[in-house]
file protein18.txt (compact mmCIF, C-alpha atoms)
# COMPACT_ATOMS: atom_id res chain seq x y z
CA MET K 1 51.98 73.01 48.60
CA LYS K 2 50.71 76.29 47.15
CA TYR K 3 47.33 77.03 45.55
CA LEU K 4 47.82 78.30 42.00
CA HIS K 5 44.56 78.72 40.10
CA THR K 6 41.12 77.45 39.15
CA MET K 7 40.45 76.84 35.45
CA VAL K 8 37.14 77.62 33.76
CA ARG K 9 36.44 76.91 30.08
CA VAL K 10 34.71 79.76 28.25
CA SER K 11 32.87 79.73 24.94
CA ASP K 12 33.20 83.47 24.18
CA LEU K 13 36.49 84.96 25.33
CA ASP K 14 35.49 88.59 24.69
CA ALA K 15 32.24 88.24 26.63
CA SER K 16 34.08 86.47 29.45
CA ILE K 17 36.78 89.16 29.67
CA ASP K 18 34.03 91.78 29.71
CA PHE K 19 32.28 89.96 32.57
CA TYR K 20 35.30 89.03 34.71
CA CYS K 21 37.30 92.24 34.16
CA ASN K 22 34.94 95.08 33.26
CA LYS K 23 31.97 94.02 35.35
CA LEU K 24 33.37 91.89 38.17
CA GLY K 25 36.59 93.89 38.49
CA LEU K 26 39.28 91.21 38.08
CA GLU K 27 42.56 92.16 36.41
CA GLU K 28 44.15 90.34 33.48
CA LEU K 29 47.60 89.19 34.59
CA ARG K 30 48.78 87.36 31.48
CA ARG K 31 47.55 85.79 28.27
CA VAL K 32 49.01 82.81 26.40
CA ASP K 33 47.96 81.78 22.89
CA VAL K 34 48.85 78.15 22.16
CA GLU K 35 48.74 77.83 18.37
CA ALA K 36 49.55 74.10 18.34
CA GLY K 37 46.75 73.27 20.78
CA ARG K 38 44.37 75.89 19.35
CA PHE K 39 43.53 77.51 22.68
CA THR K 40 44.10 80.70 24.66
CA LEU K 41 44.72 80.91 28.41
CA VAL K 42 43.95 84.15 30.25
CA PHE K 43 44.93 84.43 33.91
CA LEU K 44 42.92 86.83 36.08
CA ALA K 45 43.04 87.91 39.73
CA ALA K 46 41.31 90.32 42.06
CA PRO K 47 43.17 93.62 42.46
CA GLY K 48 45.90 93.19 45.05
CA ASP K 49 45.45 89.39 45.24
CA LYS K 50 47.56 87.92 42.46
CA GLU K 51 48.02 84.72 44.48
CA ALA K 52 44.46 83.44 43.86
CA GLN K 53 43.99 83.27 40.10
CA VAL K 54 41.27 82.21 37.70
CA GLU K 55 42.45 80.72 34.40
CA LEU K 56 40.02 81.23 31.53
CA THR K 57 40.58 78.60 28.84
CA TYR K 58 39.18 79.43 25.42
CA ASN K 59 39.29 76.66 22.81
CA TRP K 60 39.44 78.19 19.34
CA ASP K 61 37.27 75.48 17.81
CA PRO K 62 33.63 75.84 18.95
CA GLN K 63 32.57 73.48 21.73
CA GLU K 64 29.50 73.20 23.92
CA TYR K 65 30.04 72.69 27.63
CA ASP K 66 27.27 70.82 29.41
CA SER K 67 26.56 70.61 33.13
CA GLY K 68 29.85 71.48 34.74
CA ARG K 69 32.13 70.65 31.81
CA ASN K 70 33.20 74.30 31.71
CA PHE K 71 34.84 73.92 35.13
CA GLY K 72 38.30 72.56 34.52
CA HIS K 73 40.54 71.94 37.52
CA LEU K 74 42.23 73.22 40.64
CA ALA K 75 46.00 73.63 40.40
CA TYR K 76 48.67 73.37 43.09
CA ARG K 77 52.44 73.82 42.98
CA VAL K 78 54.18 71.04 44.94
CA ASP K 79 57.70 70.52 46.24
CA ASP K 80 58.13 66.92 45.01
CA ILE K 81 55.61 65.73 42.45
CA TYR K 82 56.83 62.14 42.53
CA ALA K 83 56.64 61.84 46.33
CA LEU K 84 53.17 63.39 46.49
CA CYS K 85 51.83 61.21 43.67
CA GLN K 86 53.23 58.12 45.40
CA LYS K 87 51.60 59.15 48.67
CA LEU K 88 48.27 59.73 46.90
CA MET K 89 48.49 56.44 44.98
CA ASP K 90 49.34 54.55 48.20
CA ALA K 91 46.19 56.10 49.71
CA GLY K 92 44.05 54.76 46.87
CA VAL K 93 43.84 57.94 44.76
CA THR K 94 43.77 57.39 41.00
CA ILE K 95 46.52 59.21 39.13
CA ASN K 96 44.76 60.14 35.88
CA ARG K 97 47.84 61.68 34.29
CA PRO K 98 51.06 60.45 35.94
CA PRO K 99 54.02 62.82 36.34
CA ARG K 100 55.93 61.17 33.48
CA ASP K 101 57.77 64.39 32.66
CA GLY K 102 58.58 65.30 36.27
CA HIS K 103 56.53 68.47 35.85
CA MET K 104 52.78 67.84 35.77
CA ALA K 105 50.24 65.31 37.00
CA PHE K 106 46.45 65.16 37.29
CA VAL K 107 44.51 63.36 40.01
CA ARG K 108 40.76 63.25 40.79
CA SER K 109 38.93 64.04 43.99
CA PRO K 110 36.28 61.62 45.26
CA ASP K 111 33.70 63.85 43.55
CA GLY K 112 35.48 63.73 40.21
CA ILE K 113 37.11 67.18 40.40
CA SER K 114 40.35 67.25 38.45
CA ILE K 115 43.39 68.47 40.40
CA GLU K 116 46.53 69.53 38.55
CA LEU K 117 49.84 69.16 40.37
CA LEU K 118 52.79 71.19 39.05
CA GLN K 119 56.37 70.69 40.19
CA ALA K 120 57.88 73.78 41.83
CA GLY K 121 60.90 75.07 39.91
CA ASP K 122 62.37 72.96 37.13
CA ALA K 123 60.90 69.61 36.22
CA LEU K 124 62.39 66.65 38.05
CA PRO K 125 64.26 64.09 35.92
CA PRO K 126 62.00 61.30 34.57
CA GLN K 127 61.70 58.54 37.15
CA GLU K 128 60.25 55.04 37.10
CA PRO K 129 57.61 53.85 37.51
CA TRP K 130 56.11 57.23 36.59
CA SER K 131 57.88 57.84 33.29
CA SER K 132 56.39 54.75 31.63
CA MET K 133 52.89 54.88 33.14
CA PRO K 134 49.95 55.43 30.78
CA ASN K 135 47.12 57.86 31.39
CA THR K 136 44.26 56.18 33.26
CA GLY K 137 41.55 58.63 32.22
CA THR K 138 40.75 62.16 31.14
CA TRP K 139 42.03 65.05 33.16
call {"tool": "encode", "arguments": {"input": "protein18.txt", "output": "structure tokens"}}
result
Amino acid sequence: MKYLHTMVRVSDLDASIDFYCNKLGLEELRRVDVEAGRFTLVFLAAPGDKEAQVELTYNWDPQEYDSGRNFGHLAYRVDDIYALCQKLMDAGVTINRPPRDGHMAFVRSPDGISIELLQAGDALPPQEPWSSMPNTGTW
């Protein structure tokens, strides 16, 4: 397993970039505009530490984020998303977004923190029972 990033929702992308980059000193690594989803992702890291990233998520349509809603999730790359999700489910962990596509899943910590799991390399082929499982909650 490898730590990937922490996601934070921001309401003003320019002000956030100014804070994180110009004031705090993080570097912008990449930016992705997702027209269909109407959001922008900006990945930042401390100079010389590109392994520990912060993902700023800016939703183009105005939203208010109350008490912690702006914190999104932790993300980890995993070797076998199906095996890990099975292990977690067997241990009583709720799989909020099953790995139906062999690429991505979301689980929740006991404190309600969303954890994104991303398959290392290419997505695994769809596999039952995962491919037909519904979402069990928000991620």
call {"tool": "residues_around", "arguments": {"input": "protein18.txt", "residues": "stretch 49-57 of chain K", "least_positions_apart": "5", "cutoff": "8 Å", "atoms": "only C-alpha atoms", "output": "list in words"}}
result
Tyr3, Leu4, His5, Thr6, Met7, Val8, Arg9, Val10, Leu29, Phe39, Thr40, Leu41, Val42, Phe43 and Leu44 of chain K
call {"tool": "residues_around", "arguments": {"input": "protein18.txt", "residues": "stretch 90-102 of chain K", "least_positions_apart": "4", "cutoff": "12 Å", "atoms": "only C-alpha atoms", "output": "PDB file with C-alpha atoms, in the frame of the given file"}}
result
ATOM      1  CA  VAL K  78      54.180  71.040  44.940  1.00  0.00           C
ATOM      2  CA  ASP K  79      57.700  70.520  46.240  1.00  0.00           C
ATOM      3  CA  ASP K  80      58.130  66.920  45.010  1.00  0.00           C
ATOM      4  CA  ILE K  81      55.610  65.730  42.450  1.00  0.00           C
ATOM      5  CA  TYR K  82      56.830  62.140  42.530  1.00  0.00           C
ATOM      6  CA  ALA K  83      56.640  61.840  46.330  1.00  0.00           C
ATOM      7  CA  LEU K  84      53.170  63.390  46.490  1.00  0.00           C
ATOM      8  CA  CYS K  85      51.830  61.210  43.670  1.00  0.00           C
ATOM      9  CA  GLN K  86      53.230  58.120  45.400  1.00  0.00           C
ATOM     10  CA  PHE K 106      46.450  65.160  37.290  1.00  0.00           C
ATOM     11  CA  VAL K 107      44.510  63.360  40.010  1.00  0.00           C
ATOM     12  CA  ARG K 108      40.760  63.250  40.790  1.00  0.00           C
ATOM     13  CA  SER K 109      38.930  64.040  43.990  1.00  0.00           C
ATOM     14  CA  PRO K 110      36.280  61.620  45.260  1.00  0.00           C
ATOM     15  CA  ASP K 111      33.700  63.850  43.550  1.00  0.00           C
ATOM     16  CA  GLY K 112      35.480  63.730  40.210  1.00  0.00           C
ATOM     17  CA  ILE K 113      37.110  67.180  40.400  1.00  0.00           C
ATOM     18  CA  SER K 114      40.350  67.250  38.450  1.00  0.00           C
ATOM     19  CA  ILE K 115      43.390  68.470  40.400  1.00  0.00           C
ATOM     20  CA  GLU K 116      46.530  69.530  38.550  1.00  0.00           C
ATOM     21  CA  LEU K 117      49.840  69.160  40.370  1.00  0.00           C
ATOM     22  CA  LEU K 118      52.790  71.190  39.050  1.00  0.00           C
ATOM     23  CA  GLN K 119      56.370  70.690  40.190  1.00  0.00           C
ATOM     24  CA  ALA K 120      57.880  73.780  41.830  1.00  0.00           C
ATOM     25  CA  GLY K 121      60.900  75.070  39.910  1.00  0.00           C
ATOM     26  CA  ASP K 122      62.370  72.960  37.130  1.00  0.00           C
ATOM     27  CA  ALA K 123      60.900  69.610  36.220  1.00  0.00           C
ATOM     28  CA  LEU K 124      62.390  66.650  38.050  1.00  0.00           C
ATOM     29  CA  PRO K 125      64.260  64.090  35.920  1.00  0.00           C
ATOM     30  CA  PRO K 126      62.000  61.300  34.570  1.00  0.00           C
ATOM     31  CA  GLN K 127      61.700  58.540  37.150  1.00  0.00           C
ATOM     32  CA  GLU K 128      60.250  55.040  37.100  1.00  0.00           C
ATOM     33  CA  PRO K 129      57.610  53.850  37.510  1.00  0.00           C
ATOM     34  CA  TRP K 130      56.110  57.230  36.590  1.00  0.00           C
ATOM     35  CA  SER K 131      57.880  57.840  33.290  1.00  0.00           C
ATOM     36  CA  SER K 132      56.390  54.750  31.630  1.00  0.00           C
ATOM     37  CA  MET K 133      52.890  54.880  33.140  1.00  0.00           C
ATOM     38  CA  PRO K 134      49.950  55.430  30.780  1.00  0.00           C
ATOM     39  CA  ASN K 135      47.120  57.860  31.390  1.00  0.00           C
ATOM     40  CA  THR K 136      44.260  56.180  33.260  1.00  0.00           C
ATOM     41  CA  GLY K 137      41.550  58.630  32.220  1.00  0.00           C
ATOM     42  CA  THR K 138      40.750  62.160  31.140  1.00  0.00           C
ATOM     43  CA  TRP K 139      42.030  65.050  33.160  1.00  0.00           C
TER      44      TRP K 139
END
call {"tool": "atom_distance", "arguments": {"input": "protein18.txt", "atom1": "atom CA of K:Lys23", "atom2": "atom CA of K:Lys2"}}
result
28.4 Å
call {"tool": "atom_distance", "arguments": {"input": "protein18.txt", "atom1": "atom CA of K:Asp14", "atom2": "atom CA of K:Phe71"}}
result
18.0 Å
call {"tool": "axis_aligned_box", "arguments": {"input": "protein18.txt", "around": "stretch 115-126 of chain K", "padding_each_side": "8 Å", "output": "lines of an AutoDock Vina configuration file"}}
result
center_x = 53.8
center_y = 68.2
center_z = 38.2
size_x = 36.9
size_y = 29.8
size_z = 23.3
call {"tool": "atom_distance", "arguments": {"input": "protein18.txt", "atom1": "atom CA of K:Ala46", "atom2": "atom CA of K:Arg31"}}
result
15.8 Å
call {"tool": "closest_residue", "arguments": {"input": "protein18.txt", "among": "K:Gly25, K:Val32, K:Gly37, K:Asn70", "to": "K:Asp12", "atoms": "all atoms listed in the file"}}
result
K:Asn70
call {"tool": "decode", "arguments": {"input": "protein18.txt", "residues": "chain K", "atoms": "C-alpha atoms", "output": "PDB file, in the first residue's frame"}}
result
ATOM      1  CA  MET K   1       0.000   0.000   0.000  1.00  0.00           C
ATOM      2  CA  LYS K   2       1.222   3.513  -0.786  1.00  0.00           C
ATOM      3  CA  TYR K   3      -0.105   6.838   0.530  1.00  0.00           C
ATOM      4  CA  LEU K   4      -1.207   9.044  -2.360  1.00  0.00           C
ATOM      5  CA  HIS K   5      -2.920  12.245  -1.235  1.00  0.00           C
ATOM      6  CA  THR K   6      -5.348  14.045   1.036  1.00  0.00           C
ATOM      7  CA  MET K   7      -8.257  15.875  -0.617  1.00  0.00           C
ATOM      8  CA  VAL K   8      -9.580  19.230   0.585  1.00  0.00           C
ATOM      9  CA  ARG K   9     -12.546  21.008  -1.015  1.00  0.00           C
ATOM     10  CA  VAL K  10     -12.006  24.721  -1.590  1.00  0.00           C
ATOM     11  CA  SER K  11     -14.538  27.451  -2.282  1.00  0.00           C
ATOM     12  CA  ASP K  12     -12.139  29.929  -3.943  1.00  0.00           C
ATOM     13  CA  LEU K  13      -9.456  28.261  -6.038  1.00  0.00           C
ATOM     14  CA  ASP K  14      -7.403  31.429  -6.612  1.00  0.00           C
ATOM     15  CA  ALA K  15      -7.334  32.284  -2.907  1.00  0.00           C
ATOM     16  CA  SER K  16      -6.437  28.686  -2.065  1.00  0.00           C
ATOM     17  CA  ILE K  17      -3.592  28.564  -4.600  1.00  0.00           C
ATOM     18  CA  ASP K  18      -2.334  31.871  -3.196  1.00  0.00           C
ATOM     19  CA  PHE K  19      -2.396  30.437   0.335  1.00  0.00           C
ATOM     20  CA  TYR K  20      -0.983  26.960  -0.335  1.00  0.00           C
ATOM     21  CA  CYS K  21       1.596  27.974  -2.968  1.00  0.00           C
ATOM     22  CA  ASN K  22       2.534  31.622  -2.497  1.00  0.00           C
ATOM     23  CA  LYS K  23       2.250  31.792   1.278  1.00  0.00           C
ATOM     24  CA  LEU K  24       2.757  28.240   2.534  1.00  0.00           C
ATOM     25  CA  GLY K  25       5.291  27.326  -0.152  1.00  0.00           C
ATOM     26  CA  LEU K  26       3.755  24.207  -1.725  1.00  0.00           C
ATOM     27  CA  GLU K  27       4.300  23.584  -5.437  1.00  0.00           C
ATOM     28  CA  GLU K  28       1.568  22.889  -7.980  1.00  0.00           C
ATOM     29  CA  LEU K  29       2.300  19.511  -9.556  1.00  0.00           C
ATOM     30  CA  ARG K  30      -0.661  19.160 -11.908  1.00  0.00           C
ATOM     31  CA  ARG K  31      -4.123  20.500 -12.607  1.00  0.00           C
ATOM     32  CA  VAL K  32      -7.101  18.663 -14.102  1.00  0.00           C
ATOM     33  CA  ASP K  33     -10.298  20.380 -15.254  1.00  0.00           C
ATOM     34  CA  VAL K  34     -13.215  17.943 -15.455  1.00  0.00           C
ATOM     35  CA  GLU K  35     -15.803  19.648 -17.651  1.00  0.00           C
ATOM     36  CA  ALA K  36     -18.396  16.856 -17.333  1.00  0.00           C
ATOM     37  CA  GLY K  37     -18.255  16.895 -13.527  1.00  0.00           C
ATOM     38  CA  ARG K  38     -17.805  20.679 -13.313  1.00  0.00           C
ATOM     39  CA  PHE K  39     -14.775  20.588 -11.026  1.00  0.00           C
ATOM     40  CA  THR K  40     -11.038  21.239 -11.014  1.00  0.00           C
ATOM     41  CA  LEU K  41      -8.414  19.172  -9.192  1.00  0.00           C
ATOM     42  CA  VAL K  42      -5.074  20.756  -8.284  1.00  0.00           C
ATOM     43  CA  PHE K  43      -2.361  18.549  -6.803  1.00  0.00           C
ATOM     44  CA  LEU K  44       0.229  20.221  -4.566  1.00  0.00           C
ATOM     45  CA  ALA K  45       3.293  19.045  -2.653  1.00  0.00           C
ATOM     46  CA  ALA K  46       6.067  20.475  -0.526  1.00  0.00           C
ATOM     47  CA  PRO K  47       9.260  21.171  -2.482  1.00  0.00           C
ATOM     48  CA  GLY K  48      11.243  17.952  -2.786  1.00  0.00           C
ATOM     49  CA  ASP K  49       8.412  15.794  -1.374  1.00  0.00           C
ATOM     50  CA  LYS K  50       6.174  14.932  -4.296  1.00  0.00           C
ATOM     51  CA  GLU K  51       5.149  11.684  -2.575  1.00  0.00           C
ATOM     52  CA  ALA K  52       2.881  13.399  -0.004  1.00  0.00           C
ATOM     53  CA  GLN K  53       0.321  15.409  -1.954  1.00  0.00           C
ATOM     54  CA  VAL K  54      -2.656  17.599  -1.174  1.00  0.00           C
ATOM     55  CA  GLU K  55      -5.482  17.552  -3.730  1.00  0.00           C
ATOM     56  CA  LEU K  56      -7.504  20.759  -3.849  1.00  0.00           C
ATOM     57  CA  THR K  57     -10.962  20.094  -5.275  1.00  0.00           C
ATOM     58  CA  TYR K  58     -12.810  23.127  -6.580  1.00  0.00           C
ATOM     59  CA  ASN K  59     -16.447  22.616  -7.592  1.00  0.00           C
ATOM     60  CA  TRP K  60     -17.394  25.154 -10.249  1.00  0.00           C
ATOM     61  CA  ASP K  61     -20.917  25.557  -8.915  1.00  0.00           C
ATOM     62  CA  PRO K  62     -20.912  27.476  -5.598  1.00  0.00           C
ATOM     63  CA  GLN K  63     -21.247  25.330  -2.488  1.00  0.00           C
ATOM     64  CA  GLU K  64     -20.918  25.988   1.218  1.00  0.00           C
ATOM     65  CA  TYR K  65     -18.879  23.539   3.259  1.00  0.00           C
ATOM     66  CA  ASP K  66     -19.905  23.237   6.890  1.00  0.00           C
ATOM     67  CA  SER K  67     -17.965  21.740   9.788  1.00  0.00           C
ATOM     68  CA  GLY K  68     -15.469  19.462   8.135  1.00  0.00           C
ATOM     69  CA  ARG K  69     -17.285  18.961   4.829  1.00  0.00           C
ATOM     70  CA  ASN K  70     -14.343  20.609   3.060  1.00  0.00           C
ATOM     71  CA  PHE K  71     -12.099  17.698   4.070  1.00  0.00           C
ATOM     72  CA  GLY K  72     -12.571  15.014   1.475  1.00  0.00           C
ATOM     73  CA  HIS K  73     -10.605  11.791   1.839  1.00  0.00           C
ATOM     74  CA  LEU K  74      -7.296  10.014   2.213  1.00  0.00           C
ATOM     75  CA  ALA K  75      -6.143   8.059  -0.834  1.00  0.00           C
ATOM     76  CA  TYR K  76      -3.989   4.940  -1.066  1.00  0.00           C
ATOM     77  CA  ARG K  77      -2.728   2.944  -4.040  1.00  0.00           C
ATOM     78  CA  VAL K  78      -3.138  -0.803  -3.406  1.00  0.00           C
ATOM     79  CA  ASP K  79      -1.802  -3.934  -5.069  1.00  0.00           C
ATOM     80  CA  ASP K  80      -5.119  -5.829  -5.259  1.00  0.00           C
ATOM     81  CA  ILE K  81      -8.247  -3.760  -4.685  1.00  0.00           C
ATOM     82  CA  TYR K  82     -10.549  -6.775  -4.630  1.00  0.00           C
ATOM     83  CA  ALA K  83      -8.489  -8.684  -2.052  1.00  0.00           C
ATOM     84  CA  LEU K  84      -8.152  -5.663   0.224  1.00  0.00           C
ATOM     85  CA  CYS K  85     -11.856  -4.809   0.013  1.00  0.00           C
ATOM     86  CA  GLN K  86     -12.726  -8.424   0.827  1.00  0.00           C
ATOM     87  CA  LYS K  87     -10.381  -8.373   3.818  1.00  0.00           C
ATOM     88  CA  LEU K  88     -11.913  -5.098   5.031  1.00  0.00           C
ATOM     89  CA  MET K  89     -15.482  -6.333   4.504  1.00  0.00           C
ATOM     90  CA  ASP K  90     -14.688  -9.587   6.356  1.00  0.00           C
ATOM     91  CA  ALA K  91     -13.434  -7.416   9.237  1.00  0.00           C
ATOM     92  CA  GLY K  92     -16.742  -5.539   9.385  1.00  0.00           C
ATOM     93  CA  VAL K  93     -15.725  -2.424   7.433  1.00  0.00           C
ATOM     94  CA  THR K  94     -18.453  -0.894   5.277  1.00  0.00           C
ATOM     95  CA  ILE K  95     -17.526  -0.563   1.615  1.00  0.00           C
ATOM     96  CA  ASN K  96     -19.291   2.674   0.659  1.00  0.00           C
ATOM     97  CA  ARG K  97     -18.311   2.497  -3.000  1.00  0.00           C
ATOM     98  CA  PRO K  98     -17.367  -1.055  -4.041  1.00  0.00           C
ATOM     99  CA  PRO K  99     -14.578  -1.617  -6.588  1.00  0.00           C
ATOM    100  CA  ARG K 100     -17.055  -2.429  -9.364  1.00  0.00           C
ATOM    101  CA  ASP K 101     -14.676  -1.173 -12.051  1.00  0.00           C
ATOM    102  CA  GLY K 102     -11.567  -2.868 -10.629  1.00  0.00           C
ATOM    103  CA  HIS K 103     -10.008   0.563 -10.168  1.00  0.00           C
ATOM    104  CA  MET K 104     -11.514   2.532  -7.286  1.00  0.00           C
ATOM    105  CA  ALA K 105     -13.308   1.948  -3.998  1.00  0.00           C
ATOM    106  CA  PHE K 106     -14.239   4.049  -0.974  1.00  0.00           C
ATOM    107  CA  VAL K 107     -14.426   2.821   2.610  1.00  0.00           C
ATOM    108  CA  ARG K 108     -15.014   4.696   5.895  1.00  0.00           C
ATOM    109  CA  SER K 109     -12.942   4.761   9.049  1.00  0.00           C
ATOM    110  CA  PRO K 110     -14.667   4.282  12.415  1.00  0.00           C
ATOM    111  CA  ASP K 111     -14.734   8.095  12.695  1.00  0.00           C
ATOM    112  CA  GLY K 112     -16.406   8.534   9.322  1.00  0.00           C
ATOM    113  CA  ILE K 113     -13.285   9.564   7.370  1.00  0.00           C
ATOM    114  CA  SER K 114     -13.580   8.554   3.733  1.00  0.00           C
ATOM    115  CA  ILE K 115     -10.671   6.487   2.401  1.00  0.00           C
ATOM    116  CA  GLU K 116     -10.200   6.095  -1.346  1.00  0.00           C
ATOM    117  CA  LEU K 117      -8.482   2.935  -2.575  1.00  0.00           C
ATOM    118  CA  LEU K 118      -7.003   3.004  -6.086  1.00  0.00           C
ATOM    119  CA  GLN K 119      -5.733  -0.072  -7.907  1.00  0.00           C
ATOM    120  CA  ALA K 120      -2.033   0.108  -8.777  1.00  0.00           C
ATOM    121  CA  GLY K 121      -1.452  -0.030 -12.536  1.00  0.00           C
ATOM    122  CA  ASP K 122      -4.338  -0.892 -14.826  1.00  0.00           C
ATOM    123  CA  ALA K 123      -7.785  -1.611 -13.460  1.00  0.00           C
ATOM    124  CA  LEU K 124      -8.470  -5.255 -12.682  1.00  0.00           C
ATOM    125  CA  PRO K 125     -11.191  -6.959 -14.747  1.00  0.00           C
ATOM    126  CA  PRO K 126     -14.693  -6.635 -13.215  1.00  0.00           C
ATOM    127  CA  GLN K 127     -15.246  -9.399 -10.689  1.00  0.00           C
ATOM    128  CA  GLU K 128     -18.260 -10.640  -8.763  1.00  0.00           C
ATOM    129  CA  PRO K 129     -19.591  -9.944  -6.257  1.00  0.00           C
ATOM    130  CA  TRP K 130     -18.035  -6.488  -6.572  1.00  0.00           C
ATOM    131  CA  SER K 131     -19.141  -5.599 -10.090  1.00  0.00           C
ATOM    132  CA  SER K 132     -22.851  -5.789  -9.246  1.00  0.00           C
ATOM    133  CA  MET K 133     -22.751  -4.268  -5.744  1.00  0.00           C
ATOM    134  CA  PRO K 134     -24.559  -0.970  -5.181  1.00  0.00           C
ATOM    135  CA  ASN K 135     -23.121   1.984  -3.307  1.00  0.00           C
ATOM    136  CA  THR K 136     -23.979   1.808   0.393  1.00  0.00           C
ATOM    137  CA  GLY K 137     -23.502   5.503   1.137  1.00  0.00           C
ATOM    138  CA  THR K 138     -21.754   8.709   0.169  1.00  0.00           C
ATOM    139  CA  TRP K 139     -18.017   8.725  -0.249  1.00  0.00           C
TER     140      TRP K 139
END
